[in-house]
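Colleague: My structure is below; once you've seen it, I'll send some questions.
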Amino acid sequence: MPSAAQRPRITVFSLGGTISMEGPAGSGVVPKLDANDLLAGIPQLAAVAQVTGESVSKAASVELGFADVATLAERIAAAVAGGADGVVVTQGTDTLEETAYLLDLLLDLDEPVVVTGAMRDPTKPGADGPANLAAAIRVAASPAARGLGVVAVMNDEVHAARFVAKRHTHKTSAFGSGTIGPLGWVIEDRVRIALRPAQRTPTIAWKGPPPRVILLPMVFGGDAQALRDLTREPVAGMVVEAVGGGHVPSAMVEPLAQLAATAPVVLASRTGGGETLDKTYGYAGGEIDLLGRGLIGAGLLDARKARLLLSLLLGAGATREEISAAFARASA
Ligand code: DAS
């Protein structure tokens with residue numbers, strides 16, 4: 001066993017979420033515990049790594065915003081510059097998929113950065129927070145996880161930030177990567193990385209809070225009024241969460257084309273897996289029609305991840321061509 005000084009140095013940043021929540025029976029749980037409280041629940045991990053806790057916030061994850069994650073990214077980069085071999089972020093699961101991808105876009109580190117949380121709060125039998133935190137620390141300490149970009153570790157699975165999504169309201173197996181599955185897993189005391197992404201997520205410089213990018217879901221029967229309502233004021237960009245491989249009702253084509261002439265409009269799919277099509281359907285409102293009118297395919301990114309990428313690109317002052325190229329790269 002490595003001596004204490006030889007063990008990898010891991011910094012754990014706590015943001016709140018169910019993993020940190022407590023409360024009297026019957027009145028609901030709220031964020032209470034900080035990083036050091038969470039680490040006190042897994043003393044056996046001291047044999048794996050030298051772990052330091054830093055409390056960032058005690059919030060429900062729906063309260064997090066772009067600036068919070070940008071500040072966290074700076075703190076993570078500083079921890080690594082100060083000698084950390086890996087970093088773990090604990091937060092609420094509701095927006096974990098967004099935080100993980102934003103960190104992936106903002107950071108350019110070989111050191112593992114792992115986001116985790118819990119589906120069952122610490123007052124529940126079988127609370128999964130300690131197991132998830134222990135697995136996340138093992139991954140952050142593992143040389144096998146270097147160079148993967150940011151990952152999420154939940155339920156002993158390792159997921160790429162670009163693909164991970166919360167797909168269930170309460171199961172401990174709520175997280176998945178619909179299109180590719182997990183990159184690896186934790187078993188006994190081992191971290192197994194079975195797949196490595198073909199390419200890293202591009203890094204985008206943070207230039208301050210980005211302009212507003214709207215996400216518009218397509219619904220059965222269409223809702224052209226929603227599009228009119230949302231674009232009454234000028235918008236910096238829009239992501240259309242289209243049906244199937246990237247399709248909208250024909251009545252929405254013209255207004256979307258008009259918008260695409262003045263602001264980037266990205267075409268994503270609401271299916272939760274696969275990538276957007278570009279040369280299959282020829283009907284009005286099909287993907288060939290929409291891409292021909294200037295919309296940009298989201299490729300492998302779902303609508304929520306596409307909104308984050310478009311927001312950061314606009315915030316960094318990217319041109320239309322640079323935005324198209326970034327989405328093409330995100331799918332390569
Ligand atoms: N749903 C809770 C969680 O899983 C709350 C939150 O996201 O903060 O952590």
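Every chain in the structure tokens has a letter given in the order shown (A, B, ...), and although residue numbers restart at 1 in each chain, ligands are simply numbered from 1 in the order shown.
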What residues have any atom no more than 8 Å from ligand 1 when counting only C-alpha atoms and all ligand atoms, and can you list them as a list in words?
Modeller: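 Every residue with an atom at most 8 Å from ligand 1 is listed here: Gly16, Gly17, Thr18, Ile19, Ser20, Ala59, Ala60, Ser61, Val62, Glu63, Gln91, Gly92, Thr93, Asp94, Thr95, Leu96, Gly117, Ala118, Met119, Arg120, Asp121 and Thr169 of chain A.
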Colleague: List as JSON, numbers by chain the protein and nucleic acid residues near Arg190 of chain A, meaning an atom at most 9 Å away when only C-alpha atoms are counted, but skip any in the same chain fewer than 4 places from it.
Modeller: {"A": [138, 139, 142, 185, 186]}
Colleague: With DSSP run on the backbone, what are the strand (DSSP E or B) residues within segment 160-232 of chain A? I'd like them as a list of chain:residue names.
Modeller: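 Answer for segment 160-232 of chain A, restricted to strand (DSSP E or B): A:Ala160, A:Ala165, A:Lys166, A:Phe175, A:Gly176, A:Gly184, A:Trp185, A:Val186, A:Ile187, A:Arg190, A:Val191, A:Arg192, A:Ile193, A:Val213, A:Ile214, A:Leu215, A:Leu216, A:Pro217.
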Colleague: Contacts of Ala242 of chain A at 8 Å or less, counting only C-alpha atoms, minus same-chain residues fewer than 2 places along, as JSON, numbers by chain?
Modeller: {"A": [217, 218, 240, 244, 245, 246, 247, 248, 267, 268, 269, 270]}
Colleague: Given only C-alpha atoms as the basis, pick out the residue of A:Leu295, A:Leu310, A:Ala73, A:Val239 nearest to Gln258 of chain A.
Modeller: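 Once distances to Gln258 of chain A are computed over only C-alpha atoms, the minimum belongs to A:Leu295.
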Colleague: Just the residues within 12 Å of Ala284 of chain A, please, counting only C-alpha atoms, with nothing from its chain fewer than 6 positions along; format it as a PDB file with C-alpha atoms, in the first residue's frame.
Modeller:
ATOM      1  CA  GLY A 246     -34.721  16.869 -36.213  1.00  0.00           C
ATOM      2  CA  HIS A 247     -38.232  17.662 -37.450  1.00  0.00           C
ATOM      3  CA  VAL A 248     -40.795  20.413 -36.789  1.00  0.00           C
ATOM      4  CA  PRO A 249     -44.343  21.094 -38.048  1.00  0.00           C
ATOM      5  CA  SER A 250     -44.286  22.764 -41.481  1.00  0.00           C
ATOM      6  CA  ALA A 251     -46.020  25.846 -40.010  1.00  0.00           C
ATOM      7  CA  MET A 252     -42.929  26.546 -37.907  1.00  0.00           C
ATOM      8  CA  VAL A 253     -40.425  26.414 -40.757  1.00  0.00           C
ATOM      9  CA  GLU A 254     -40.814  29.990 -41.966  1.00  0.00           C
ATOM     10  CA  LEU A 290     -34.396  23.116 -41.860  1.00  0.00           C
ATOM     11  CA  LEU A 291     -30.644  22.754 -42.355  1.00  0.00           C
ATOM     12  CA  GLY A 292     -31.056  24.226 -45.852  1.00  0.00           C
ATOM     13  CA  ARG A 293     -32.678  27.277 -44.261  1.00  0.00           C
TER      14      ARG A 293
END
Colleague: Write out as a PyMOL selection string the set of residues from segment 24-238 of chain A that DSSP, computed on the backbone, places in helix (DSSP H, G or I).
Modeller: chain A and resi 35-40+43-47+61-63+66-81+96-106+129-140+143-145+224-230
Colleague: What would the file look like if the residues just selected were written as a PDB file, in the first residue's frame with C-alpha atoms?
Modeller:
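Once everything was written out, this is result-v6.pdb:
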ATOM      1  CA  ALA A  35     -17.539  18.647   2.029  1.00  0.00           C
ATOM      2  CA  ASN A  36     -15.866  17.751   5.322  1.00  0.00           C
ATOM      3  CA  ASP A  37     -19.130  16.353   6.733  1.00  0.00           C
ATOM      4  CA  LEU A  38     -19.490  14.164   3.639  1.00  0.00           C
ATOM      5  CA  LEU A  39     -15.882  12.978   3.860  1.00  0.00           C
ATOM      6  CA  ALA A  40     -16.345  12.062   7.531  1.00  0.00           C
ATOM      7  CA  PRO A  43     -13.086   7.344   6.527  1.00  0.00           C
ATOM      8  CA  GLN A  44     -11.844   4.239   4.668  1.00  0.00           C
ATOM      9  CA  LEU A  45     -11.069   6.429   1.615  1.00  0.00           C
ATOM     10  CA  ALA A  46      -8.103   7.886   3.516  1.00  0.00           C
ATOM     11  CA  ALA A  47      -6.261   4.716   2.509  1.00  0.00           C
ATOM     12  CA  SER A  61     -28.842  22.354  -7.881  1.00  0.00           C
ATOM     13  CA  VAL A  62     -31.666  24.154  -9.680  1.00  0.00           C
ATOM     14  CA  GLU A  63     -30.245  27.358  -8.116  1.00  0.00           C
ATOM     15  CA  PHE A  66     -23.454  29.870 -15.497  1.00  0.00           C
ATOM     16  CA  ALA A  67     -21.430  32.220 -13.293  1.00  0.00           C
ATOM     17  CA  ASP A  68     -21.413  29.718 -10.377  1.00  0.00           C
ATOM     18  CA  VAL A  69     -19.980  27.011 -12.609  1.00  0.00           C
ATOM     19  CA  ALA A  70     -17.426  29.403 -14.126  1.00  0.00           C
ATOM     20  CA  THR A  71     -16.225  30.329 -10.624  1.00  0.00           C
ATOM     21  CA  LEU A  72     -16.095  26.637  -9.704  1.00  0.00           C
ATOM     22  CA  ALA A  73     -14.036  25.942 -12.845  1.00  0.00           C
ATOM     23  CA  GLU A  74     -11.526  28.581 -11.706  1.00  0.00           C
ATOM     24  CA  ARG A  75     -11.310  26.973  -8.267  1.00  0.00           C
ATOM     25  CA  ILE A  76     -10.816  23.529  -9.826  1.00  0.00           C
ATOM     26  CA  ALA A  77      -8.040  24.836 -12.085  1.00  0.00           C
ATOM     27  CA  ALA A  78      -6.408  26.496  -9.059  1.00  0.00           C
ATOM     28  CA  ALA A  79      -6.607  23.276  -7.027  1.00  0.00           C
ATOM     29  CA  VAL A  80      -4.905  21.353  -9.841  1.00  0.00           C
ATOM     30  CA  ALA A  81      -2.286  24.085 -10.276  1.00  0.00           C
ATOM     31  CA  LEU A  96     -25.667  17.534 -12.616  1.00  0.00           C
ATOM     32  CA  GLU A  97     -25.660  16.856 -16.353  1.00  0.00           C
ATOM     33  CA  GLU A  98     -25.450  20.601 -17.052  1.00  0.00           C
ATOM     34  CA  THR A  99     -22.694  21.329 -14.517  1.00  0.00           C
ATOM     35  CA  ALA A 100     -20.627  18.397 -15.756  1.00  0.00           C
ATOM     36  CA  TYR A 101     -20.809  19.524 -19.399  1.00  0.00           C
ATOM     37  CA  LEU A 102     -20.188  23.186 -18.577  1.00  0.00           C
ATOM     38  CA  LEU A 103     -17.076  22.222 -16.591  1.00  0.00           C
ATOM     39  CA  ASP A 104     -16.022  20.051 -19.523  1.00  0.00           C
ATOM     40  CA  LEU A 105     -16.333  23.053 -21.848  1.00  0.00           C
ATOM     41  CA  LEU A 106     -14.550  25.454 -19.480  1.00  0.00           C
ATOM     42  CA  GLY A 129     -24.294   9.467  -1.262  1.00  0.00           C
ATOM     43  CA  PRO A 130     -21.370   7.840   0.601  1.00  0.00           C
ATOM     44  CA  ALA A 131     -21.053   5.074  -2.033  1.00  0.00           C
ATOM     45  CA  ASN A 132     -21.178   7.599  -4.891  1.00  0.00           C
ATOM     46  CA  LEU A 133     -18.635   9.886  -3.208  1.00  0.00           C
ATOM     47  CA  ALA A 134     -16.303   6.960  -2.485  1.00  0.00           C
ATOM     48  CA  ALA A 135     -16.550   5.771  -6.116  1.00  0.00           C
ATOM     49  CA  ALA A 136     -16.021   9.331  -7.382  1.00  0.00           C
ATOM     50  CA  ILE A 137     -12.845   9.704  -5.272  1.00  0.00           C
ATOM     51  CA  ARG A 138     -11.530   6.383  -6.578  1.00  0.00           C
ATOM     52  CA  VAL A 139     -12.112   7.583 -10.153  1.00  0.00           C
ATOM     53  CA  ALA A 140     -10.540  10.990  -9.465  1.00  0.00           C
ATOM     54  CA  PRO A 143      -4.520   7.249 -13.612  1.00  0.00           C
ATOM     55  CA  ALA A 144      -6.969   5.458 -15.971  1.00  0.00           C
ATOM     56  CA  ALA A 145      -9.348   8.421 -15.720  1.00  0.00           C
ATOM     57  CA  ALA A 224     -46.332  28.208 -33.222  1.00  0.00           C
ATOM     58  CA  GLN A 225     -47.624  30.697 -30.633  1.00  0.00           C
ATOM     59  CA  ALA A 226     -44.868  29.607 -28.206  1.00  0.00           C
ATOM     60  CA  LEU A 227     -42.267  30.506 -30.828  1.00  0.00           C
ATOM     61  CA  ARG A 228     -43.886  33.931 -31.422  1.00  0.00           C
ATOM     62  CA  ASP A 229     -44.102  34.581 -27.660  1.00  0.00           C
ATOM     63  CA  LEU A 230     -40.502  33.611 -27.033  1.00  0.00           C
TER      64      LEU A 230
END
Colleague: I'd like the contact shell of Val115 of chain A - 7 Å cut-off, only C-alpha atoms, skipping same-chain residues fewer than 6 positions apart - returned as a list in words.
Modeller: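 In the requested format, the answer is Val88, Val89, Thr90, Ala100, Val151, Ala152 and Val153 of chain A.
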Colleague: Kindly indicate which residue among A:His159, A:Arg192, A:Arg7, A:Lys207 lies nearest to Gly315 of chain A, using only C-alpha atoms for the distances.
Modeller: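 For Gly315 of chain A, the nearest of the candidates is A:Lys207.
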Colleague: Skipping near chain neighbours, those fewer than 4 positions away, what residues fall within 9 Å of Ala141 of chain A using only C-alpha atoms, listed as an mmCIF file with N, CA, C and O atoms, in the first residue's frame?
Modeller:
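Contents of the output file selection24.cif:
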data_model
loop_
_atom_site.group_PDB
_atom_site.id
_atom_site.type_symbol
_atom_site.label_atom_id
_atom_site.label_comp_id
_atom_site.auth_asym_id
_atom_site.auth_seq_id
_atom_site.Cartn_x
_atom_site.Cartn_y
_atom_site.Cartn_z
ATOM 1 N N ARG A 7 -0.008 8.845 -1.684
ATOM 2 C CA ARG A 7 -1.383 8.713 -2.186
ATOM 3 C C ARG A 7 -1.778 9.947 -2.989
ATOM 4 O O ARG A 7 -1.380 11.063 -2.640
ATOM 5 N N PRO A 8 -2.585 9.745 -4.043
ATOM 6 C CA PRO A 8 -2.997 10.897 -4.852
ATOM 7 C C PRO A 8 -3.719 11.937 -4.012
ATOM 8 O O PRO A 8 -4.446 11.594 -3.068
ATOM 9 N N ARG A 9 -3.514 13.209 -4.378
ATOM 10 C CA ARG A 9 -4.186 14.303 -3.667
ATOM 11 C C ARG A 9 -5.469 14.671 -4.405
ATOM 12 O O ARG A 9 -5.430 15.012 -5.592
ATOM 13 N N ILE A 10 -6.572 14.574 -3.706
ATOM 14 C CA ILE A 10 -7.889 14.827 -4.309
ATOM 15 C C ILE A 10 -8.571 15.957 -3.546
ATOM 16 O O ILE A 10 -8.621 15.934 -2.308
ATOM 17 N N VAL A 48 -6.960 5.454 0.290
ATOM 18 C CA VAL A 48 -6.900 5.533 -1.171
ATOM 19 C C VAL A 48 -6.267 6.840 -1.621
ATOM 20 O O VAL A 48 -5.513 6.886 -2.597
ATOM 21 N N ALA A 49 -6.591 7.922 -0.928
ATOM 22 C CA ALA A 49 -6.151 9.248 -1.387
ATOM 23 C C ALA A 49 -6.027 10.198 -0.202
ATOM 24 O O ALA A 49 -6.611 9.970 0.859
ATOM 25 N N ASP A 85 -4.213 15.969 -7.724
ATOM 26 C CA ASP A 85 -4.130 14.984 -8.810
ATOM 27 C C ASP A 85 -5.492 14.710 -9.426
ATOM 28 O O ASP A 85 -5.591 14.093 -10.494
ATOM 29 N N GLY A 86 -6.551 15.131 -8.739
ATOM 30 C CA GLY A 86 -7.898 14.926 -9.243
ATOM 31 C C GLY A 86 -8.867 15.725 -8.391
ATOM 32 O O GLY A 86 -8.527 16.167 -7.289
ATOM 33 N N VAL A 87 -10.059 15.934 -8.932
ATOM 34 C CA VAL A 87 -11.058 16.763 -8.257
ATOM 35 C C VAL A 87 -12.407 16.062 -8.302
ATOM 36 O O VAL A 87 -12.752 15.418 -9.305
ATOM 37 N N GLU A 111 -6.034 16.057 -15.560
ATOM 38 C CA GLU A 111 -6.398 15.485 -14.259
ATOM 39 C C GLU A 111 -7.906 15.186 -14.247
ATOM 40 O O GLU A 111 -8.700 15.996 -14.740
ATOM 41 N N PRO A 112 -8.316 14.054 -13.653
ATOM 42 C CA PRO A 112 -9.745 13.723 -13.623
ATOM 43 C C PRO A 112 -10.551 14.747 -12.818
ATOM 44 O O PRO A 112 -10.138 15.175 -11.739
ATOM 45 N N ALA A 136 -16.525 8.143 -6.669
ATOM 46 C CA ALA A 136 -16.021 9.331 -7.382
ATOM 47 C C ALA A 136 -14.571 9.612 -6.996
ATOM 48 O O ALA A 136 -13.737 9.964 -7.855
ATOM 49 N N ILE A 137 -14.237 9.466 -5.713
ATOM 50 C CA ILE A 137 -12.845 9.704 -5.272
ATOM 51 C C ILE A 137 -11.916 8.661 -5.896
ATOM 52 O O ILE A 137 -10.816 8.980 -6.356
ATOM 53 N N ALA A 145 -8.343 7.394 -15.419
ATOM 54 C CA ALA A 145 -9.348 8.421 -15.720
ATOM 55 C C ALA A 145 -8.723 9.717 -16.222
ATOM 56 O O ALA A 145 -9.442 10.667 -16.536
#
Colleague: Between A:Asp34, A:Asp128, A:Asp156, A:Glu241, which residue has the minimum interatomic distance to Lys171 of chain A, considering only C-alpha atoms?
Modeller: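 Nearest to Lys171 of chain A: A:Asp128.
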Colleague: Do you have the atom CA of Leu301 of chain A-atom CA of Thr271 of chain A distance handy?
Modeller: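 Taking atom CA of Leu301 of chain A as the start and atom CA of Thr271 of chain A as the end point, the length is 11.1 Å.
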Colleague: Which residues are near Ser311 of chain A? Cut-off 8 Å, only C-alpha atoms, ignore same chain within fewer than 3 positions. Put them as an MDAnalysis selection string.
Modeller: chainID A and resid 210:213 237 307:308 314:315
Colleague: Record the distance separating atom CA of Gly272 of chain A and atom CA of Ala198 of chain A, expressed in Å with one decimal.
Modeller: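 Going from atom CA of Gly272 of chain A over to atom CA of Ala198 of chain A, I get 20.4 Å.
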Colleague: For Ile193 of chain A, which residue out of A:Tyr281, A:Ala160, A:Arg320, A:Phe13 is the nearest one, using only C-alpha atoms?
Modeller: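 The shortest atom-to-atom distance to Ile193 of chain A comes from A:Ala160.
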